[in-house]
file my_file.pdb (PDB, C-alpha atoms)
ATOM      1  CA  MET A   1      42.413 -46.769  12.562
ATOM      2  CA  ASP A   2      40.907 -50.200  11.859
ATOM      3  CA  PHE A   3      43.144 -51.538   9.093
ATOM      4  CA  SER A   4      41.449 -54.919   9.195
ATOM      5  CA  SER A   5      38.104 -53.351   8.317
ATOM      6  CA  ILE A   6      39.707 -51.202   5.608
ATOM      7  CA  LEU A   7      41.332 -54.232   3.966
ATOM      8  CA  THR A   8      38.138 -56.276   4.264
ATOM      9  CA  ASN A   9      36.150 -53.551   2.529
ATOM     10  CA  ALA A  10      38.773 -53.396  -0.222
ATOM     11  CA  ALA A  11      38.632 -57.186  -0.627
ATOM     12  CA  TRP A  12      34.859 -56.972  -1.024
ATOM     13  CA  GLU A  13      35.298 -54.668  -4.003
ATOM     14  CA  ILE A  14      37.134 -57.443  -5.866
ATOM     15  CA  ILE A  15      33.990 -59.619  -6.008
ATOM     16  CA  ASN A  16      31.338 -56.914  -5.661
ATOM     17  CA  PRO A  17      28.637 -57.228  -8.382
ATOM     18  CA  ASN A  18      29.053 -53.480  -8.978
ATOM     19  CA  THR A  19      32.677 -54.123  -9.932
ATOM     20  CA  ALA A  20      31.482 -56.819 -12.340
ATOM     21  CA  ALA A  21      29.012 -54.313 -13.825
ATOM     22  CA  TYR A  22      31.838 -51.844 -14.427
ATOM     23  CA  ALA A  23      33.936 -54.632 -15.971
ATOM     24  CA  LEU A  24      31.127 -55.558 -18.393
ATOM     25  CA  ALA A  25      30.562 -51.970 -19.474
ATOM     26  CA  ALA A  26      34.321 -51.379 -19.788
ATOM     27  CA  LEU A  27      34.600 -54.469 -22.008
ATOM     28  CA  GLY A  28      32.034 -52.816 -24.266
ATOM     29  CA  LEU A  29      34.193 -49.690 -24.372
ATOM     30  CA  ALA A  30      37.211 -51.845 -25.207
ATOM     31  CA  LEU A  31      35.358 -53.139 -28.256
ATOM     32  CA  HIS A  32      34.230 -49.628 -29.161
ATOM     33  CA  PHE A  33      37.473 -47.742 -28.751
ATOM     34  CA  GLY A  34      40.285 -50.193 -28.189
ATOM     35  CA  PHE A  35      39.451 -52.469 -31.117
ATOM     36  CA  SER A  36      37.271 -50.272 -33.374
ATOM     37  CA  GLY A  37      38.350 -46.690 -32.689
ATOM     38  CA  LEU A  38      34.795 -45.569 -31.835
ATOM     39  CA  LEU A  39      34.623 -42.736 -29.307
ATOM     40  CA  ASN A  40      31.649 -43.653 -27.147
ATOM     41  CA  PHE A  41      31.280 -41.198 -24.277
ATOM     42  CA  GLY A  42      27.775 -42.352 -23.407
ATOM     43  CA  GLN A  43      28.150 -45.924 -22.167
ATOM     44  CA  ALA A  44      26.159 -44.849 -19.118
ATOM     45  CA  GLY A  45      23.233 -44.355 -21.510
ATOM     46  CA  PHE A  46      23.365 -48.004 -22.611
ATOM     47  CA  MET A  47      23.502 -49.060 -18.976
ATOM     48  CA  ALA A  48      20.536 -46.841 -18.098
ATOM     49  CA  VAL A  49      18.446 -48.079 -21.026
ATOM     50  CA  GLY A  50      19.068 -51.681 -20.019
ATOM     51  CA  ALA A  51      18.324 -51.060 -16.359
ATOM     52  CA  TYR A  52      15.125 -49.085 -16.920
ATOM     53  CA  ALA A  53      13.835 -51.339 -19.684
ATOM     54  CA  PHE A  54      14.218 -54.306 -17.338
ATOM     55  CA  ALA A  55      12.681 -52.596 -14.312
ATOM     56  CA  VAL A  56       9.717 -51.120 -16.218
ATOM     57  CA  SER A  57       9.032 -54.445 -17.940
ATOM     58  CA  VAL A  58       8.838 -56.228 -14.589
ATOM     59  CA  LEU A  59       7.004 -53.600 -12.523
ATOM     60  CA  THR A  60       4.611 -52.167 -15.121
ATOM     61  CA  PHE A  61       3.977 -55.120 -17.427
ATOM     62  CA  ASP A  62       4.718 -57.964 -14.983
ATOM     63  CA  ALA A  63       7.106 -59.528 -17.498
ATOM     64  CA  PRO A  64       9.015 -62.680 -16.531
ATOM     65  CA  LEU A  65      12.757 -62.470 -16.098
ATOM     66  CA  TRP A  66      13.677 -63.789 -19.549
ATOM     67  CA  ALA A  67      11.276 -61.399 -21.286
ATOM     68  CA  ALA A  68      12.522 -58.401 -19.298
ATOM     69  CA  VAL A  69      16.130 -59.227 -20.202
ATOM     70  CA  LEU A  70      15.128 -59.592 -23.857
ATOM     71  CA  VAL A  71      13.399 -56.197 -23.765
ATOM     72  CA  SER A  72      16.558 -54.647 -22.269
ATOM     73  CA  LEU A  73      18.812 -56.070 -24.961
ATOM     74  CA  THR A  74      16.377 -55.021 -27.690
ATOM     75  CA  ALA A  75      16.228 -51.491 -26.282
ATOM     76  CA  SER A  76      20.032 -51.393 -26.322
ATOM     77  CA  LEU A  77      20.138 -52.383 -29.987
ATOM     78  CA  GLY A  78      17.555 -49.706 -30.754
ATOM     79  CA  LEU A  79      19.630 -47.060 -28.979
ATOM     80  CA  ALA A  80      22.743 -48.097 -30.915
ATOM     81  CA  LEU A  81      20.837 -47.756 -34.194
ATOM     82  CA  VAL A  82      19.483 -44.337 -33.249
ATOM     83  CA  LEU A  83      22.956 -43.105 -32.299
ATOM     84  CA  GLY A  84      24.916 -44.814 -35.042
ATOM     85  CA  LEU A  85      22.797 -44.223 -38.138
ATOM     86  CA  PRO A  86      23.387 -40.444 -38.338
ATOM     87  CA  THR A  87      26.952 -40.386 -36.960
ATOM     88  CA  LEU A  88      29.036 -43.383 -38.014
ATOM     89  CA  ARG A  89      29.516 -42.064 -41.545
ATOM     90  CA  LEU A  90      31.071 -38.930 -40.052
ATOM     91  CA  ARG A  91      34.256 -38.288 -38.045
ATOM     92  CA  ALA A  92      34.747 -40.068 -34.736
ATOM     93  CA  ASP A  93      34.182 -36.925 -32.665
ATOM     94  CA  TYR A  94      30.561 -36.703 -33.865
ATOM     95  CA  LEU A  95      29.819 -40.041 -32.219
ATOM     96  CA  ALA A  96      31.434 -38.789 -29.005
ATOM     97  CA  ILE A  97      29.219 -35.689 -28.949
ATOM     98  CA  VAL A  98      26.047 -37.607 -29.767
ATOM     99  CA  THR A  99      26.624 -40.392 -27.232
ATOM    100  CA  ILE A 100      27.413 -38.143 -24.280
ATOM    101  CA  ALA A 101      24.359 -36.001 -25.102
ATOM    102  CA  ALA A 102      22.131 -39.071 -25.524
ATOM    103  CA  ALA A 103      23.178 -40.451 -22.129
ATOM    104  CA  GLU A 104      22.222 -37.186 -20.446
ATOM    105  CA  ILE A 105      18.938 -36.971 -22.382
ATOM    106  CA  ILE A 106      18.020 -40.473 -21.238
ATOM    107  CA  ARG A 107      18.792 -39.592 -17.626
ATOM    108  CA  TYR A 108      16.711 -36.420 -17.745
ATOM    109  CA  VAL A 109      13.804 -38.138 -19.500
ATOM    110  CA  VAL A 110      13.460 -40.856 -16.849
ATOM    111  CA  THR A 111      13.647 -38.158 -14.166
ATOM    112  CA  THR A 112      10.676 -36.139 -15.460
ATOM    113  CA  ASN A 113       7.583 -36.080 -13.243
ATOM    114  CA  GLN A 114       5.318 -36.947 -16.176
ATOM    115  CA  LEU A 115       6.841 -40.451 -16.234
ATOM    116  CA  THR A 116       6.745 -41.020 -12.476
ATOM    117  CA  GLU A 117       4.211 -43.834 -12.891
ATOM    118  CA  TYR A 118       6.682 -45.786 -15.032
ATOM    119  CA  THR A 119      10.193 -44.653 -14.091
ATOM    120  CA  GLY A 120       9.728 -43.360 -10.547
ATOM    121  CA  ALA A 121      11.205 -39.999 -11.597
ATOM    122  CA  ALA A 122      14.038 -38.856  -9.302
ATOM    123  CA  ASN A 123      13.218 -41.571  -6.747
ATOM    124  CA  GLY A 124      13.827 -44.366  -9.231
ATOM    125  CA  LEU A 125      12.419 -47.886  -9.050
ATOM    126  CA  ALA A 126      12.853 -50.823  -6.689
ATOM    127  CA  ALA A 127      11.544 -54.328  -5.923
ATOM    128  CA  PHE A 128      11.956 -55.670  -9.457
ATOM    129  CA  GLU A 129      14.616 -58.298  -8.709
ATOM    130  CA  ARG A 130      12.357 -61.004  -7.249
ATOM    131  CA  GLY A 131      12.410 -63.112 -10.420
ATOM    132  CA  PHE A 132      16.201 -63.008 -10.465
ATOM    133  CA  TYR A 133      16.635 -64.244  -6.902
ATOM    134  CA  ALA A 134      13.853 -66.813  -7.363
ATOM    135  CA  LEU A 135      16.196 -68.672  -9.729
ATOM    136  CA  SER A 136      18.887 -69.011  -7.071
ATOM    137  CA  PRO A 137      19.685 -72.627  -6.125
ATOM    138  CA  ILE A 138      21.615 -71.464  -3.045
ATOM    139  CA  PRO A 139      19.925 -72.283   0.291
ATOM    140  CA  PRO A 140      19.301 -69.332   2.647
ATOM    141  CA  GLY A 141      22.099 -68.639   5.064
ATOM    142  CA  GLN A 142      25.497 -67.017   5.453
ATOM    143  CA  TYR A 143      28.510 -68.036   3.381
ATOM    144  CA  ALA A 144      32.189 -67.275   3.906
ATOM    145  CA  ILE A 145      34.380 -66.144   1.001
ATOM    146  CA  GLY A 146      37.803 -65.748   2.568
ATOM    147  CA  PRO A 147      37.463 -62.975   5.161
ATOM    148  CA  LEU A 148      34.055 -61.971   3.792
ATOM    149  CA  VAL A 149      30.653 -63.240   4.862
ATOM    150  CA  VAL A 150      27.759 -62.835   2.420
ATOM    151  CA  GLY A 151      24.119 -63.832   2.324
ATOM    152  CA  ALA A 152      22.585 -66.296  -0.121
ATOM    153  CA  ASN A 153      21.198 -63.548  -2.372
ATOM    154  CA  GLN A 154      24.516 -61.718  -2.411
ATOM    155  CA  LEU A 155      26.342 -64.924  -3.294
ATOM    156  CA  TRP A 156      23.921 -65.613  -6.152
ATOM    157  CA  ALA A 157      24.397 -62.074  -7.493
ATOM    158  CA  ILE A 158      28.192 -62.471  -7.287
ATOM    159  CA  ILE A 159      28.134 -65.804  -9.143
ATOM    160  CA  VAL A 160      25.852 -64.550 -11.936
ATOM    161  CA  ALA A 161      27.680 -61.226 -12.293
ATOM    162  CA  TRP A 162      31.152 -62.713 -12.639
ATOM    163  CA  ALA A 163      29.914 -65.579 -14.795
ATOM    164  CA  LEU A 164      28.627 -62.923 -17.186
ATOM    165  CA  VAL A 165      32.019 -61.188 -17.102
ATOM    166  CA  VAL A 166      33.815 -64.433 -17.957
ATOM    167  CA  LEU A 167      31.321 -65.296 -20.711
ATOM    168  CA  THR A 168      31.412 -61.789 -22.183
ATOM    169  CA  GLY A 169      35.196 -61.701 -22.070
ATOM    170  CA  ALA A 170      35.382 -65.083 -23.831
ATOM    171  CA  VAL A 171      32.952 -63.942 -26.546
ATOM    172  CA  LEU A 172      34.878 -60.704 -27.031
ATOM    173  CA  ALA A 173      38.161 -62.616 -27.301
ATOM    174  CA  LEU A 174      36.679 -64.833 -30.007
ATOM    175  CA  LEU A 175      35.274 -61.830 -31.858
ATOM    176  CA  VAL A 176      38.456 -59.767 -31.949
ATOM    177  CA  ARG A 177      40.521 -62.778 -33.056
ATOM    178  CA  SER A 178      38.104 -63.615 -35.876
ATOM    179  CA  PRO A 179      38.262 -62.187 -39.419
ATOM    180  CA  TRP A 180      35.525 -59.769 -38.317
ATOM    181  CA  GLY A 181      37.733 -58.534 -35.483
ATOM    182  CA  ARG A 182      40.732 -58.122 -37.755
ATOM    183  CA  VAL A 183      38.646 -55.907 -40.034
ATOM    184  CA  LEU A 184      37.688 -53.807 -36.991
ATOM    185  CA  LYS A 185      41.345 -53.363 -36.074
ATOM    186  CA  GLY A 186      42.020 -52.296 -39.641
ATOM    187  CA  ILE A 187      39.230 -49.733 -39.417
ATOM    188  CA  ARG A 188      40.750 -48.456 -36.183
ATOM    189  CA  GLU A 189      44.096 -47.914 -37.888
ATOM    190  CA  ASP A 190      42.986 -46.668 -41.322
ATOM    191  CA  GLU A 191      39.383 -46.999 -42.400
ATOM    192  CA  ASP A 192      40.102 -45.620 -45.887
ATOM    193  CA  ALA A 193      42.489 -48.504 -46.509
ATOM    194  CA  VAL A 194      39.877 -51.005 -45.328
ATOM    195  CA  ARG A 195      37.246 -49.339 -47.508
ATOM    196  CA  SER A 196      39.556 -49.634 -50.513
ATOM    197  CA  LEU A 197      39.545 -53.412 -49.998
ATOM    198  CA  GLY A 198      35.803 -53.511 -50.537
ATOM    199  CA  LYS A 199      34.718 -53.741 -46.900
ATOM    200  CA  ASN A 200      31.593 -51.935 -45.716
ATOM    201  CA  VAL A 201      33.195 -49.842 -42.987
ATOM    202  CA  TYR A 202      29.889 -48.287 -41.930
ATOM    203  CA  LEU A 203      28.314 -51.715 -41.350
ATOM    204  CA  TYR A 204      31.274 -52.981 -39.325
ATOM    205  CA  LYS A 205      31.262 -49.892 -37.133
ATOM    206  CA  MET A 206      27.525 -50.217 -36.568
ATOM    207  CA  GLN A 207      27.934 -53.849 -35.567
ATOM    208  CA  ALA A 208      30.710 -52.926 -33.136
ATOM    209  CA  LEU A 209      28.585 -50.155 -31.623
ATOM    210  CA  MET A 210      25.650 -52.516 -31.149
ATOM    211  CA  ILE A 211      27.675 -55.356 -29.621
ATOM    212  CA  GLY A 212      29.601 -53.039 -27.298
ATOM    213  CA  GLY A 213      26.301 -51.424 -26.322
ATOM    214  CA  LEU A 214      24.888 -54.844 -25.441
ATOM    215  CA  MET A 215      27.834 -55.373 -23.103
ATOM    216  CA  GLY A 216      27.055 -52.034 -21.478
ATOM    217  CA  THR A 217      23.421 -53.084 -21.111
ATOM    218  CA  LEU A 218      24.455 -56.313 -19.385
ATOM    219  CA  GLY A 219      26.532 -54.152 -17.072
ATOM    220  CA  GLY A 220      23.481 -51.997 -16.391
ATOM    221  CA  LEU A 221      21.418 -55.073 -15.506
ATOM    222  CA  VAL A 222      24.049 -56.345 -13.092
ATOM    223  CA  PHE A 223      24.430 -52.810 -11.743
ATOM    224  CA  VAL A 224      20.804 -52.628 -10.606
ATOM    225  CA  LEU A 225      20.078 -56.275  -9.817
ATOM    226  CA  GLY A 226      22.928 -56.317  -7.324
ATOM    227  CA  THR A 227      21.448 -53.390  -5.405
ATOM    228  CA  GLY A 228      17.735 -54.000  -6.036
ATOM    229  CA  SER A 229      17.068 -50.455  -7.206
ATOM    230  CA  VAL A 230      17.586 -48.211 -10.214
ATOM    231  CA  GLN A 231      18.300 -44.530  -9.580
ATOM    232  CA  PRO A 232      18.777 -41.949 -12.359
ATOM    233  CA  ALA A 233      21.528 -40.172 -10.419
ATOM    234  CA  ARG A 234      23.714 -43.279 -10.740
ATOM    235  CA  PHE A 235      23.820 -42.949 -14.544
ATOM    236  CA  GLY A 236      25.392 -39.508 -14.833
ATOM    237  CA  THR A 237      28.326 -38.603 -17.050
ATOM    238  CA  GLU A 238      30.720 -39.431 -14.230
ATOM    239  CA  LEU A 239      29.767 -43.098 -14.636
ATOM    240  CA  THR A 240      31.024 -43.127 -18.225
ATOM    241  CA  PHE A 241      34.247 -41.400 -17.188
ATOM    242  CA  PHE A 242      34.752 -43.951 -14.396
ATOM    243  CA  LEU A 243      34.344 -46.691 -17.007
ATOM    244  CA  TRP A 244      36.956 -45.010 -19.197
ATOM    245  CA  THR A 245      39.240 -44.922 -16.159
ATOM    246  CA  CYS A 246      38.803 -48.680 -15.718
ATOM    247  CA  LEU A 247      39.545 -49.184 -19.404
ATOM    248  CA  LEU A 248      42.679 -47.034 -19.367
ATOM    249  CA  LEU A 249      43.970 -48.572 -16.150
ATOM    250  CA  GLY A 250      43.940 -52.103 -17.493
ATOM    251  CA  GLY A 251      44.645 -51.492 -21.158
ATOM    252  CA  MET A 252      42.228 -50.532 -23.912
ATOM    253  CA  THR A 253      43.413 -53.131 -26.432
ATOM    254  CA  THR A 254      43.156 -56.154 -24.137
ATOM    255  CA  ILE A 255      40.398 -58.408 -22.798
ATOM    256  CA  ILE A 256      41.644 -58.867 -19.255
ATOM    257  CA  GLY A 257      42.601 -55.188 -18.912
ATOM    258  CA  PRO A 258      39.098 -53.687 -18.416
ATOM    259  CA  VAL A 259      38.245 -56.392 -15.873
ATOM    260  CA  VAL A 260      41.387 -55.876 -13.792
ATOM    261  CA  GLY A 261      41.031 -52.124 -14.286
ATOM    262  CA  ALA A 262      37.537 -52.217 -12.770
ATOM    263  CA  MET A 263      38.840 -54.163  -9.780
ATOM    264  CA  LEU A 264      41.774 -51.804  -9.261
ATOM    265  CA  PHE A 265      39.536 -48.752  -9.599
ATOM    266  CA  TRP A 266      37.232 -49.889  -6.797
ATOM    267  CA  ILE A 267      40.026 -51.245  -4.612
ATOM    268  CA  VAL A 268      41.874 -47.923  -4.778
ATOM    269  CA  LEU A 269      38.697 -45.950  -4.086
ATOM    270  CA  SER A 270      37.889 -48.171  -1.105
ATOM    271  CA  LEU A 271      41.411 -48.023   0.327
ATOM    272  CA  THR A 272      41.765 -44.262  -0.049
ATOM    273  CA  GLN A 273      38.299 -43.702   1.410
ATOM    274  CA  GLY A 274      39.013 -45.915   4.412
ATOM    275  CA  ILE A 275      42.473 -44.482   5.098
ATOM    276  CA  LEU A 276      41.484 -40.837   4.687
ATOM    277  CA  VAL A 277      38.329 -41.169   6.797
ATOM    278  CA  GLY A 278      40.309 -43.087   9.426
ATOM    279  CA  LEU A 279      42.936 -40.343   9.579
ATOM    280  CA  VAL A 280      40.243 -37.670   9.946
ATOM    281  CA  GLU A 281      38.296 -39.568  12.623
ATOM    282  CA  SER A 282      41.447 -40.328  14.604
ATOM    283  CA  GLY A 283      42.397 -36.632  14.599
ATOM    284  CA  THR A 284      45.619 -37.219  12.670
ATOM    285  CA  VAL A 285      44.319 -35.033   9.854
ATOM    286  CA  THR A 286      42.287 -31.987  10.877
ATOM    287  CA  ILE A 287      42.279 -29.784   7.787
ATOM    288  CA  ILE A 288      39.526 -31.746   6.040
ATOM    289  CA  SER A 289      36.222 -33.331   7.069
ATOM    290  CA  THR A 290      35.074 -36.892   6.385
ATOM    291  CA  VAL A 291      32.899 -35.578   3.543
ATOM    292  CA  GLN A 292      35.862 -33.796   1.987
ATOM    293  CA  ALA A 293      37.915 -36.964   2.400
ATOM    294  CA  GLY A 294      35.405 -38.770   0.200
ATOM    295  CA  GLN A 295      35.912 -36.181  -2.528
ATOM    296  CA  LEU A 296      39.677 -36.086  -2.094
ATOM    297  CA  ARG A 297      39.949 -39.760  -3.048
ATOM    298  CA  TYR A 298      38.681 -38.955  -6.549
ATOM    299  CA  ILE A 299      41.378 -36.293  -6.882
ATOM    300  CA  MET A 300      44.006 -38.830  -5.858
ATOM    301  CA  VAL A 301      42.699 -41.367  -8.364
ATOM    302  CA  GLY A 302      42.703 -38.662 -11.047
ATOM    303  CA  VAL A 303      46.328 -37.790 -10.330
ATOM    304  CA  ALA A 304      47.262 -41.474 -10.421
ATOM    305  CA  LEU A 305      45.524 -41.821 -13.785
ATOM    306  CA  MET A 306      47.409 -38.810 -15.154
ATOM    307  CA  LEU A 307      50.706 -40.364 -14.073
ATOM    308  CA  LEU A 308      49.668 -43.648 -15.665
ATOM    309  CA  MET A 309      48.942 -41.904 -18.961
ATOM    310  CA  ILE A 310      52.360 -40.220 -18.845
ATOM    311  CA  PHE A 311      54.489 -43.223 -17.937
ATOM    312  CA  ARG A 312      52.392 -46.173 -19.192
ATOM    313  CA  PRO A 313      49.687 -44.931 -21.577
ATOM    314  CA  GLN A 314      48.958 -48.447 -22.833
ATOM    315  CA  GLY A 315      47.676 -49.463 -19.386
ATOM    316  CA  ILE A 316      48.828 -52.340 -17.220
ATOM    317  CA  PHE A 317      48.284 -55.092 -19.782
ATOM    318  CA  GLY A 318      48.289 -53.040 -22.964
ATOM    319  CA  ASN A 319      50.775 -52.939 -25.821
ATOM    320  CA  ARG A 320      52.241 -49.538 -26.667
ATOM    321  CA  LYS A 321      52.473 -50.510 -30.354
ATOM    322  CA  GLU A 322      48.665 -50.677 -30.594
ATOM    323  CA  LEU A 323      48.126 -47.124 -29.364
ATOM    324  CA  VAL A 324      48.869 -45.446 -32.694
ATOM    325  CA  PHE A 325      45.392 -44.928 -34.156
ATOM    326  CA  SER A 326      44.863 -43.002 -37.352
TER     327      SER A 326
END

call {"tool": "encode", "arguments": {"input": "my_file.pdb", "output": "structure tokens"}}
result
Amino acid sequence: MDFSSILTNAAWEIINPNTAAYALAALGLALHFGFSGLLNFGQAGFMAVGAYAFAVSVLTFDAPLWAAVLVSLTASLGLALVLGLPTLRLRADYLAIVTIAAAEIIRYVVTTNQLTEYTGAANGLAAFERGFYALSPIPPGQYAIGPLVVGANQLWAIIVAWALVVLTGAVLALLVRSPWGRVLKGIREDEDAVRSLGKNVYLYKMQALMIGGLMGTLGGLVFVLGTGSVQPARFGTELTFFLWTCLLLGGMTTIIGPVVGAMLFWIVLSLTQGILVGLVESGTVTIISTVQAGQLRYIMVGVALMLLMIFRPQGIFGNRKELVFS
């Protein structure tokens, strides 16, 4: 078993743009649930809307990078309005039902053959990232980051992705520590009490849904720019549940928690995948195949998450006192 390769692959997950994408989307969930009490089970839908709006703008309408990003963010705000207007006046579980259904509807719509010209149907879209890499000031070549060696385009994607995580985390920290954020925390605990003080609870919840959705959209952009393709299968319900795992691992009422949770999630998946596959290939384990080993790692992560919820439900960085929502 090549432990050096296993550890190197795990180290790559720490800086992988995909990990940054998960961190951005999980930060949006932290605003939704951790600070506002909104049950959003369709963050994958916000990521998909952002990714497809960007890709279609570039490939179909030849939009420049800034315009395509603007279209993505606008589409995200529109989705938040469509989901929030009929549900945010109702109980929290209505939003959960609507968001998870909306995410699946979006995925099935972009997969339909009638939209193949625009969305690529099941095959997805590719070759829309040229404007993004054209902005890179990094000369072509190979660059060492510790034990890792990456190309110029990869390095540019890493820098932009994690810069967005830092910027988004800083903005979120300012928001939740502002009077606006304190009202959100009050809504999370007891929205009737906040309403009795004359605050428009519905408006605050809508704002939180829109801002958290924008964070998910930024995650969707990083998600597809890092790989150079957008595939509908990557935006299934399991993506949202993986994001919730990242959130719960780090702590739902913190800023750093979702970021560290995303890193830990991918590190653990990489380590378990490498170790299990290595054991199977070396003949040490014969009762499962390499394909089954890939599935077994998700079971192991699920068990670990269950244990975490039993013994430390507030997450690694969370505060148990902030878990009591009304």

call {"tool": "closest_residue", "arguments": {"input": "my_file.pdb", "among": "A:Gln273, A:Ser282, A:Asn113, A:Ser136", "to": "Gln295 (chain A)", "atoms": "only C-alpha atoms"}}
result
A:Gln273

call {"tool": "closest_atom_pairs", "arguments": {"input": "my_file.pdb", "of": "region 110-188 of chain A", "to": "region 45-56 of chain A", "cutoff": "7 Å", "atoms": "only C-alpha atoms", "output": "CSV"}}
result
residue,atom,partner,partner_atom,distance
A:Tyr118,CA,A:Val56,CA,6.3
A:Thr119,CA,A:Val56,CA,6.8
A:Phe128,CA,A:Ala55,CA,5.8

call {"tool": "resolve_selection", "arguments": {"input": "my_file.pdb", "expression": "the PyMOL selection byres ((chain A and resi 252-263) around 7)", "output": "ChimeraX atom specification"}}
result
/A:13-14,19,22-23,26-27,30,34-35,169,173,246-251,264-267,317-318

call {"tool": "resolve_selection", "arguments": {"input": "my_file.pdb", "expression": "the PyMOL selection byres ((chain A and resi 208-222) around 6)", "output": "PyMOL selection string"}}
result
chain A and resi 21+24-25+28+31+46-47+50-51+77+80+205-207+223-226

call {"tool": "resolve_selection", "arguments": {"input": "my_file.pdb", "expression": "the PyMOL selection byres ((chain A and resi 133) around 10)", "output": "MDAnalysis selection string"}}
result
chainID A and resid 129:132 134:138 152:154 156:157 225

call {"tool": "closest_residue", "arguments": {"input": "my_file.pdb", "among": "A:Val149, A:Ala44, A:Val285, A:Leu175", "to": "Glu104 (chain A)", "atoms": "all atoms listed in the file"}}
result
A:Ala44

call {"tool": "atom_distance", "arguments": {"input": "my_file.pdb", "atom1": "CA of Leu269 (chain A)", "atom2": "CA of His32 (chain A)"}}
result
25.7 Å

call {"tool": "closest_residue", "arguments": {"input": "my_file.pdb", "among": "A:Ala101, A:Leu59, A:Met309, A:Val268", "to": "Gly236 (chain A)", "atoms": "all atoms listed in the file"}}
result
A:Ala101

call {"tool": "residues_around", "arguments": {"input": "my_file.pdb", "residues": "Tyr108 (chain A)", "least_positions_apart": "3", "cutoff": "10 Å", "atoms": "all atoms listed in the file", "output": "ChimeraX atom specification"}}
result
/A:102-105,111-112,121-122,232-233,236

call {"tool": "write_last_selection", "arguments": {"input": "my_file.pdb", "atoms": "C-alpha atoms", "output": "mmCIF file, keeping the file's coordinate frame"}}
result
data_model
loop_
_atom_site.group_PDB
_atom_site.id
_atom_site.type_symbol
_atom_site.label_atom_id
_atom_site.label_comp_id
_atom_site.auth_asym_id
_atom_site.auth_seq_id
_atom_site.Cartn_x
_atom_site.Cartn_y
_atom_site.Cartn_z
ATOM 1 C CA ALA A 102 22.131 -39.071 -25.524
ATOM 2 C CA ALA A 103 23.178 -40.451 -22.129
ATOM 3 C CA GLU A 104 22.222 -37.186 -20.446
ATOM 4 C CA ILE A 105 18.938 -36.971 -22.382
ATOM 5 C CA THR A 111 13.647 -38.158 -14.166
ATOM 6 C CA THR A 112 10.676 -36.139 -15.460
ATOM 7 C CA ALA A 121 11.205 -39.999 -11.597
ATOM 8 C CA ALA A 122 14.038 -38.856 -9.302
ATOM 9 C CA PRO A 232 18.777 -41.949 -12.359
ATOM 10 C CA ALA A 233 21.528 -40.172 -10.419
ATOM 11 C CA GLY A 236 25.392 -39.508 -14.833
#

call {"tool": "closest_residue", "arguments": {"input": "my_file.pdb", "among": "A:Thr227, A:Pro313, A:Gly181, A:Thr272", "to": "Ile299 (chain A)", "atoms": "all atoms listed in the file"}}
result
A:Thr272

call {"tool": "closest_residue", "arguments": {"input": "my_file.pdb", "among": "A:Gly124, A:Asp93, A:Val183, A:Gly278", "to": "Arg195 (chain A)", "atoms": "all atoms listed in the file"}}
result
A:Val183

call {"tool": "residues_around", "arguments": {"input": "my_file.pdb", "residues": "Gly37 (chain A)", "least_positions_apart": "6", "cutoff": "10 Å", "atoms": "all atoms listed in the file", "output": "VMD selection string"}}
result
chain A and resid 29 to 31 92 184 to 191 205 208 325 to 326

call {"tool": "atom_distance", "arguments": {"input": "my_file.pdb", "atom1": "CA of Glu281 (chain A)", "atom2": "CA of Ser4 (chain A)"}}
result
16.0 Å

call {"tool": "atom_distance", "arguments": {"input": "my_file.pdb", "atom1": "CA of Gly141 (chain A)", "atom2": "CA of Val69 (chain A)"}}
result
27.6 Å

call {"tool": "closest_residue", "arguments": {"input": "my_file.pdb", "among": "A:Ala144, A:Asp2, A:Ala20, A:Leu7", "to": "Leu243 (chain A)", "atoms": "all atoms listed in the file"}}
result
A:Ala20

call {"tool": "residues_around", "arguments": {"input": "my_file.pdb", "residues": "Arg89 (chain A)", "least_positions_apart": "2", "cutoff": "10 Å", "atoms": "only C-alpha atoms", "output": "ChimeraX atom specification"}}
result
/A:84-87,91-92,94-95,201-203,205-206

call {"tool": "build_atoms", "arguments": {"input": "my_file.pdb", "residues": "region 141-146 of chain A", "atoms": "N, CA, C and O atoms", "output": "tab-separated table (two decimals), keeping the file's coordinate frame"}}
result
chain	number	residue	atom	x	y	z
A	141	GLY	N	21.07	-68.53	4.04
A	141	GLY	CA	22.10	-68.64	5.06
A	141	GLY	C	23.25	-67.69	4.79
A	141	GLY	O	23.20	-66.86	3.88
A	142	GLN	N	24.30	-67.83	5.58
A	142	GLN	CA	25.50	-67.02	5.45
A	142	GLN	C	26.64	-67.88	4.92
A	142	GLN	O	26.79	-69.03	5.34
A	143	TYR	N	27.43	-67.28	4.01
A	143	TYR	CA	28.51	-68.04	3.38
A	143	TYR	C	29.80	-67.23	3.46
A	143	TYR	O	29.79	-66.01	3.23
A	144	ALA	N	30.89	-67.93	3.77
A	144	ALA	CA	32.19	-67.28	3.91
A	144	ALA	C	32.96	-67.36	2.59
A	144	ALA	O	33.06	-68.43	1.99
A	145	ILE	N	33.48	-66.21	2.15
A	145	ILE	CA	34.38	-66.14	1.00
A	145	ILE	C	35.66	-65.48	1.51
A	145	ILE	O	35.77	-64.25	1.52
A	146	GLY	N	36.61	-66.30	1.94
A	146	GLY	CA	37.80	-65.75	2.57
A	146	GLY	C	37.41	-65.01	3.83
A	146	GLY	O	36.69	-65.55	4.68
